[in-house]
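Undergrad: Pasting a structure here, questions to come.
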Amino acid sequence: MRMWGAALLMPLAAALSAAQAPEPAATGAARIAQAALRDPSSYALVESLTTEVGQRLAGTAADARAVEWAKAKLGAMGFDDVHTESFPLTAWIRGAESAEVVAPAPQKLALTALGGSVATDADGIEAEIALFRTYAELLAASQGALAGKIAVVTQRMVRVQHGGGYGAANPIRRAGPSEAAKRGAVAYLLRSLGTDDHRLPHTGALSYAEGAPRIPAAALSNPDADQLERLAARGPVRVRLLLAPRTQENAQSWNVVAEAKGRARPEEIVLIGAHLDSWDLGTGAIDDGAGVAIVATVGKLIASLPQRPQRTVRIVLFGAEEMDRSGPAYGAAHEGEARRIVLASEADFGARRVYAVLLPTAVAGSDFAKALAATLAPLGAFVDPRAPLGGGDDIHQLQKAGVPVAYLGQNGLDYFDIHHTADDTLDKIDARELAQATAVWAAFTYLAAESDVDFRAK
Ligand code: ZN
Ligand code: ZN
């Protein structure tokens with residue numbers, strides 16, 4: 001009897017002392033990571049968003065439907081607060097788009113208008129092309145050198161796991177149209193910023209420069225850029241281009257915000273974001289339905305904990321990342337709060353595994369970094385001691401206001417094969433990889449919210 005009594009009492013005593021002593025933060029982080037791995041929510045959310053809403057071009061009726069979707073989903077997840085914050089924008093809506101080689105060998109070209117591009121005349125533009133194999137060669141052309149021509153830049157972006165090839169090539173799409181216009185071009189075509197070899201062009205936003213004529217601009221699929229290179233090597237090439245996008249002034253979009261208040265220091269905020277809008281060609285599964293699914297699931301898991309972490313966890317689903325509007329709008333509206341946002345991160349790099357976390361330099365080598373590393377090891381991820389590559393487009397404005405950012409690196413080796421194309425659809429997402437990314441984000445967010453570490457550089 002006494003043996004039995006002791007055997008029964010000891011686990012009870014152990015359980016009682018465990019309830020009295022505060023649980024190590026790493027234990028809670030490991031538990032929430034395991035819960036995320038088992039939770040089907042992340043895949044279910046991106047499945048629901050891409051099926052029930054589909055594409056979500058900012059400022060359109062589809063955007064408004066996505067916001068209603070987000071409010072309903074987040075509203076059922078146990079947050080203390082779910083609300084929207086609207087901001088104005090000019091919506092851009094794709095229209096008919098086509099192009100063809102007229103001479104010397106008539107054939108169709110696969111391309112798509114860049115977001116923000118002006119339209120051609122109703123019957124299109126026909127002109128000889130001036131082809132540059134690198135962007136630097138275009139920039140080296142003198143004023144007037146491209147008069148009456150369609151400028152074409154066929155520089156390839158480089159495939160790397162962390163996606164840095166995209167940033168390096170980005171000016172070709174962003175600034176290229178105005179640089180070509182300054183030199184006299186009547187239209188601008190670029191090789192898609194994409195790493196695939198399919199005939200699906202990759203869209204994306206351009207930024208017209210003040211003072212330069214606004215010319216129509218579109219992205220060619222990779223094989224079509226190759227074809228123009230071969231044709232141009234043989235002699236003059238004439239191309240016809242028709243683009244018929246339109247704009248809608250005085251449109252609006254919304255950032256959708258949800259919070260799980262902290263139990264001890266609710267005024268301190270750990271912010272995790274993703275963007276709800278997408279381009280219109282696919283259904284925005286990897287960009288950025290996956291990010292929406294990751295941060296919403298993390299928020300749900302934290303909001304439903306029996307004991308919340310010390311700090312508040314805030315989820316922001318940004319409304320117009322692709323149009324470069326939601327980050328600036330959020331940053332301007334929350335500038336006064338920047339001191340209270342202790343850390344921010346954004347999930348906007350697809351649905352694959354997170355392999356590394358890069359923390360603000362202020363916590364390099366700290367106990368926080370060590371605890372995170374220990375938590376991530378079983379998940380197949382590590383803490384990279386280098387400084388973050390950047391937080392993400394939507395939190396860039398907060399970063400400029402002094403908010404520390406962390407970078408969670410997902411495997412992006414094939415991300416730019418489908419990014420911004422008609423192929424960005426749900427079938428590209430592996431539910432287990434998405435759950436792993438969600439687990440890493442959950443462990444990271446929980447630890448940051450439970451700790452009292454200062455992520456700001458001293
Ligand atoms: Zn994105
Ligand atoms: Zn995008």
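Following the order of the structure tokens, chains are lettered A, B, ..., residues in each are numbered from 1, and ligands are numbered from 1.
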Throw together the list of residues within 8 Å of ligand 2, counting only C-alpha atoms and all ligand atoms, and drop it here as a list of chain:residue names.
TA: A:Gly204, A:Ser278, A:Trp279, A:Asp287, A:Asp288, A:Glu321, A:Glu322, A:Asp348, A:His419, A:His420
Undergrad: For the selection you just gave me, I'd like the residues written to a file as a PDB file, in the first residue's frame, keeping N, CA and C atoms.
TA:
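Written out: selection.pdb:
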```pdb
ATOM      1  N   GLY A 204       4.282  42.161 -62.499  1.00  0.00           N
ATOM      2  CA  GLY A 204       4.901  42.841 -61.366  1.00  0.00           C
ATOM      3  C   GLY A 204       4.823  44.325 -61.631  1.00  0.00           C
ATOM      4  N   SER A 278      -3.029  39.952 -54.289  1.00  0.00           N
ATOM      5  CA  SER A 278      -2.205  39.148 -55.189  1.00  0.00           C
ATOM      6  C   SER A 278      -2.297  39.761 -56.581  1.00  0.00           C
ATOM      7  N   TRP A 279      -1.473  39.267 -57.475  1.00  0.00           N
ATOM      8  CA  TRP A 279      -1.670  39.595 -58.881  1.00  0.00           C
ATOM      9  C   TRP A 279      -2.882  38.827 -59.388  1.00  0.00           C
ATOM     10  N   ASP A 287       2.095  33.464 -53.517  1.00  0.00           N
ATOM     11  CA  ASP A 287       2.296  34.909 -53.308  1.00  0.00           C
ATOM     12  C   ASP A 287       0.942  35.570 -53.239  1.00  0.00           C
ATOM     13  N   ASP A 288       0.367  35.749 -52.049  1.00  0.00           N
ATOM     14  CA  ASP A 288       0.996  35.403 -50.785  1.00  0.00           C
ATOM     15  C   ASP A 288      -0.028  34.709 -49.902  1.00  0.00           C
ATOM     16  N   GLU A 321       0.309  45.082 -51.164  1.00  0.00           N
ATOM     17  CA  GLU A 321       1.772  44.960 -51.265  1.00  0.00           C
ATOM     18  C   GLU A 321       2.223  45.050 -52.704  1.00  0.00           C
ATOM     19  N   GLU A 322       1.497  44.387 -53.594  1.00  0.00           N
ATOM     20  CA  GLU A 322       1.938  44.351 -54.994  1.00  0.00           C
ATOM     21  C   GLU A 322       1.935  45.741 -55.609  1.00  0.00           C
ATOM     22  N   ASP A 348       6.434  36.405 -46.850  1.00  0.00           N
ATOM     23  CA  ASP A 348       6.086  36.732 -48.245  1.00  0.00           C
ATOM     24  C   ASP A 348       7.099  36.091 -49.195  1.00  0.00           C
ATOM     25  N   HIS A 419       6.280  32.626 -59.469  1.00  0.00           N
ATOM     26  CA  HIS A 419       5.959  33.940 -58.894  1.00  0.00           C
ATOM     27  C   HIS A 419       5.377  34.889 -59.954  1.00  0.00           C
ATOM     28  N   HIS A 420       4.205  35.458 -59.643  1.00  0.00           N
ATOM     29  CA  HIS A 420       3.558  36.471 -60.510  1.00  0.00           C
ATOM     30  C   HIS A 420       3.140  35.937 -61.884  1.00  0.00           C
TER      31      HIS A 420
END
```
Undergrad: Can you pull out every residue within 9 Å of segment 258-272 of chain A, counting only C-alpha atoms, but drop anything in the same chain fewer than 3 positions away, and send it as an MDAnalysis selection string?
TA: chainID A and resid 71 74:75 78:84 295:296 299:300 302:304 307:317 339:347 441 445 448:450
Undergrad: For Arg432 of chain A, which residue out of A:Pro40, A:Pro378, A:Gly409, A:Gly390 is the nearest one, using only C-alpha atoms?
TA: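 The shortest atom-to-atom distance to Arg432 of chain A comes from A:Pro40.
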Undergrad: Per DSSP on the backbone, what are the strand (DSSP E) residues of segment 212-274 of chain A, as a short mmCIF file (atom, residue, chain, number, x, y, z; two decimals) with C-alpha atoms, in the first residue's frame?
TA:
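Listed below is the output, result17.cif:
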```
data_model
loop_
_atom_site.label_atom_id
_atom_site.label_comp_id
_atom_site.auth_asym_id
_atom_site.auth_seq_id
_atom_site.Cartn_x
_atom_site.Cartn_y
_atom_site.Cartn_z
CA ALA A 217 5.54 48.19 -70.61
CA ALA A 218 5.23 44.40 -70.54
CA ALA A 219 7.16 41.27 -69.56
CA LEU A 220 7.98 38.57 -72.12
CA ARG A 238 9.42 44.72 -86.03
CA VAL A 239 6.98 44.05 -83.18
CA ARG A 240 3.34 44.98 -82.65
CA LEU A 241 2.12 45.49 -79.10
CA LEU A 242 -1.37 45.98 -77.75
CA LEU A 243 -2.04 46.61 -74.04
CA ARG A 246 -7.30 50.77 -67.20
CA THR A 247 -7.14 52.49 -63.86
CA GLN A 248 -9.75 53.36 -61.30
CA GLU A 249 -9.14 56.48 -59.23
CA ASN A 250 -10.40 56.77 -55.66
CA ALA A 251 -10.39 53.05 -54.99
CA GLN A 252 -9.54 51.72 -51.55
CA SER A 253 -7.92 48.77 -49.91
CA TRP A 254 -7.59 47.58 -46.32
CA ASN A 255 -5.01 46.20 -43.93
CA VAL A 256 -6.68 43.56 -41.75
CA VAL A 257 -5.35 43.46 -38.19
CA ALA A 258 -5.84 40.90 -35.40
CA GLU A 259 -4.34 40.88 -31.91
CA ALA A 260 -3.75 38.42 -29.11
CA ARG A 265 3.27 43.63 -21.14
CA PRO A 266 0.42 44.03 -23.65
CA GLU A 267 1.75 47.42 -24.80
CA GLU A 268 4.78 45.69 -26.33
CA ILE A 269 3.99 44.22 -29.74
CA VAL A 270 5.50 41.44 -31.81
CA LEU A 271 4.14 42.01 -35.31
CA ILE A 272 3.95 39.33 -38.00
CA GLY A 273 2.57 40.17 -41.40
CA ALA A 274 1.76 38.80 -44.85
#
```
Undergrad: Neighbours of Gly164 of chain A within 12 Å (only C-alpha atoms; same-chain residues fewer than 2 positions away dropped), as a list in words?
TA: Met157, Val158, Arg159, Val160, Gln161, His162, Tyr166, Gly167, Ala168, Ala169, Asn170, Leu193, Phe349, Leu389, Gly390, Gly409, Asn411, Gly412, Leu413, Tyr415 and Phe416 of chain A
Undergrad: Can you work out which one of A:Ala225, A:Ala439, A:Leu359, A:Met323 has the shortest atom-to-atom distance to ligand 1, counting only C-alpha atoms and all ligand atoms?
TA: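 Using only C-alpha atoms and all ligand atoms, the shortest distance to ligand 1 belongs to A:Met323.
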Undergrad: Go through A:Gly291, A:Pro404, A:Pro104, A:Gly211 and flag the residue nearest ligand 1, using only C-alpha atoms and all ligand atoms for the distances.
TA: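 Counting only C-alpha atoms and all ligand atoms, the residue closest to ligand 1 is A:Gly291.
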Undergrad: What is the atom CA of Gly319 of chain A to atom CA of Phe455 of chain A distance in Å?
TA: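 About the pair atom CA of Gly319 of chain A and atom CA of Phe455 of chain A: they are 27.0 Å apart.
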Undergrad: Might you pull out every residue within 6 Å of segment 176-180 of chain A, with only C-alpha atoms counted and same-chain residues fewer than 5 positions away left off, and present them as a PyMOL selection string?
TA: chain A and resi 185+188+208-209+212
Undergrad: Could you find all residues in segment 185-413 of chain A that DSSP calls helix (DSSP H, G or I) from the backbone, and write them as a ChimeraX atom specification?
TA: /A:222-234,285-303,326-333,335-340,361-363,367-379,393-400
Undergrad: Which polymer residues have any atom within 10 Å of an atom of Ala141 of chain A, counting only C-alpha atoms, with same-chain residues fewer than 3 positions away left out, as number ranges by chain?
TA: A: 132, 136-138, 144-146, 179-180, 183
Undergrad: What's the 8 Å shell around Gly289 of chain A, counting only C-alpha atoms, without same-chain residues fewer than 4 positions away, as a PDB file with N, CA, C and O atoms, in the first residue's frame?
TA:
```pdb
ATOM      1  N   VAL A  46      -5.120  28.494 -46.974  1.00  0.00           N
ATOM      2  CA  VAL A  46      -4.733  28.904 -48.334  1.00  0.00           C
ATOM      3  C   VAL A  46      -5.628  28.211 -49.367  1.00  0.00           C
ATOM      4  O   VAL A  46      -5.952  28.788 -50.407  1.00  0.00           O
ATOM      5  N   LEU A  49      -8.826  30.398 -49.272  1.00  0.00           N
ATOM      6  CA  LEU A  49      -8.630  31.728 -49.876  1.00  0.00           C
ATOM      7  C   LEU A  49      -8.525  31.654 -51.393  1.00  0.00           C
ATOM      8  O   LEU A  49      -9.165  32.423 -52.117  1.00  0.00           O
ATOM      9  N   THR A  50      -7.724  30.698 -51.869  1.00  0.00           N
ATOM     10  CA  THR A  50      -7.504  30.630 -53.321  1.00  0.00           C
ATOM     11  C   THR A  50      -8.715  30.052 -54.056  1.00  0.00           C
ATOM     12  O   THR A  50      -8.895  30.309 -55.242  1.00  0.00           O
ATOM     13  N   HIS A 275       0.799  39.447 -47.011  1.00  0.00           N
ATOM     14  CA  HIS A 275      -0.118  40.306 -47.767  1.00  0.00           C
ATOM     15  C   HIS A 275      -1.263  39.523 -48.397  1.00  0.00           C
ATOM     16  O   HIS A 275      -1.086  38.447 -48.955  1.00  0.00           O
ATOM     17  N   LEU A 276      -2.429  40.139 -48.243  1.00  0.00           N
ATOM     18  CA  LEU A 276      -3.678  39.509 -48.669  1.00  0.00           C
ATOM     19  C   LEU A 276      -3.908  39.684 -50.171  1.00  0.00           C
ATOM     20  O   LEU A 276      -4.544  38.846 -50.804  1.00  0.00           O
ATOM     21  N   GLY A 284      -2.821  33.553 -56.547  1.00  0.00           N
ATOM     22  CA  GLY A 284      -2.058  34.069 -55.405  1.00  0.00           C
ATOM     23  C   GLY A 284      -1.875  33.038 -54.304  1.00  0.00           C
ATOM     24  O   GLY A 284      -2.075  33.331 -53.127  1.00  0.00           O
ATOM     25  N   ALA A 285      -1.477  31.820 -54.681  1.00  0.00           N
ATOM     26  CA  ALA A 285      -1.297  30.753 -53.683  1.00  0.00           C
ATOM     27  C   ALA A 285       0.043  30.907 -52.963  1.00  0.00           C
ATOM     28  O   ALA A 285       0.085  31.049 -51.740  1.00  0.00           O
ATOM     29  N   ALA A 293      -1.721  32.324 -44.675  1.00  0.00           N
ATOM     30  CA  ALA A 293      -2.021  31.093 -43.936  1.00  0.00           C
ATOM     31  C   ALA A 293      -1.057  30.904 -42.769  1.00  0.00           C
ATOM     32  O   ALA A 293      -1.465  30.513 -41.670  1.00  0.00           O
TER      33      ALA A 293
END
```
Undergrad: Could you state the separation of atom CA of Glu68 of chain A and atom CA of Asp423 of chain A in Å, given to one decimal place?
TA: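 Here the two named atoms are 25.1 Å from each other.
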Undergrad: Using only C-alpha atoms, determine which residues lie at most 7 Å from Ile215 of chain A, disregarding the query and same-chain residues fewer than 5 positions distant; provide the list as a PyMOL selection string.
TA: chain A and resi 118+177+181+186-187
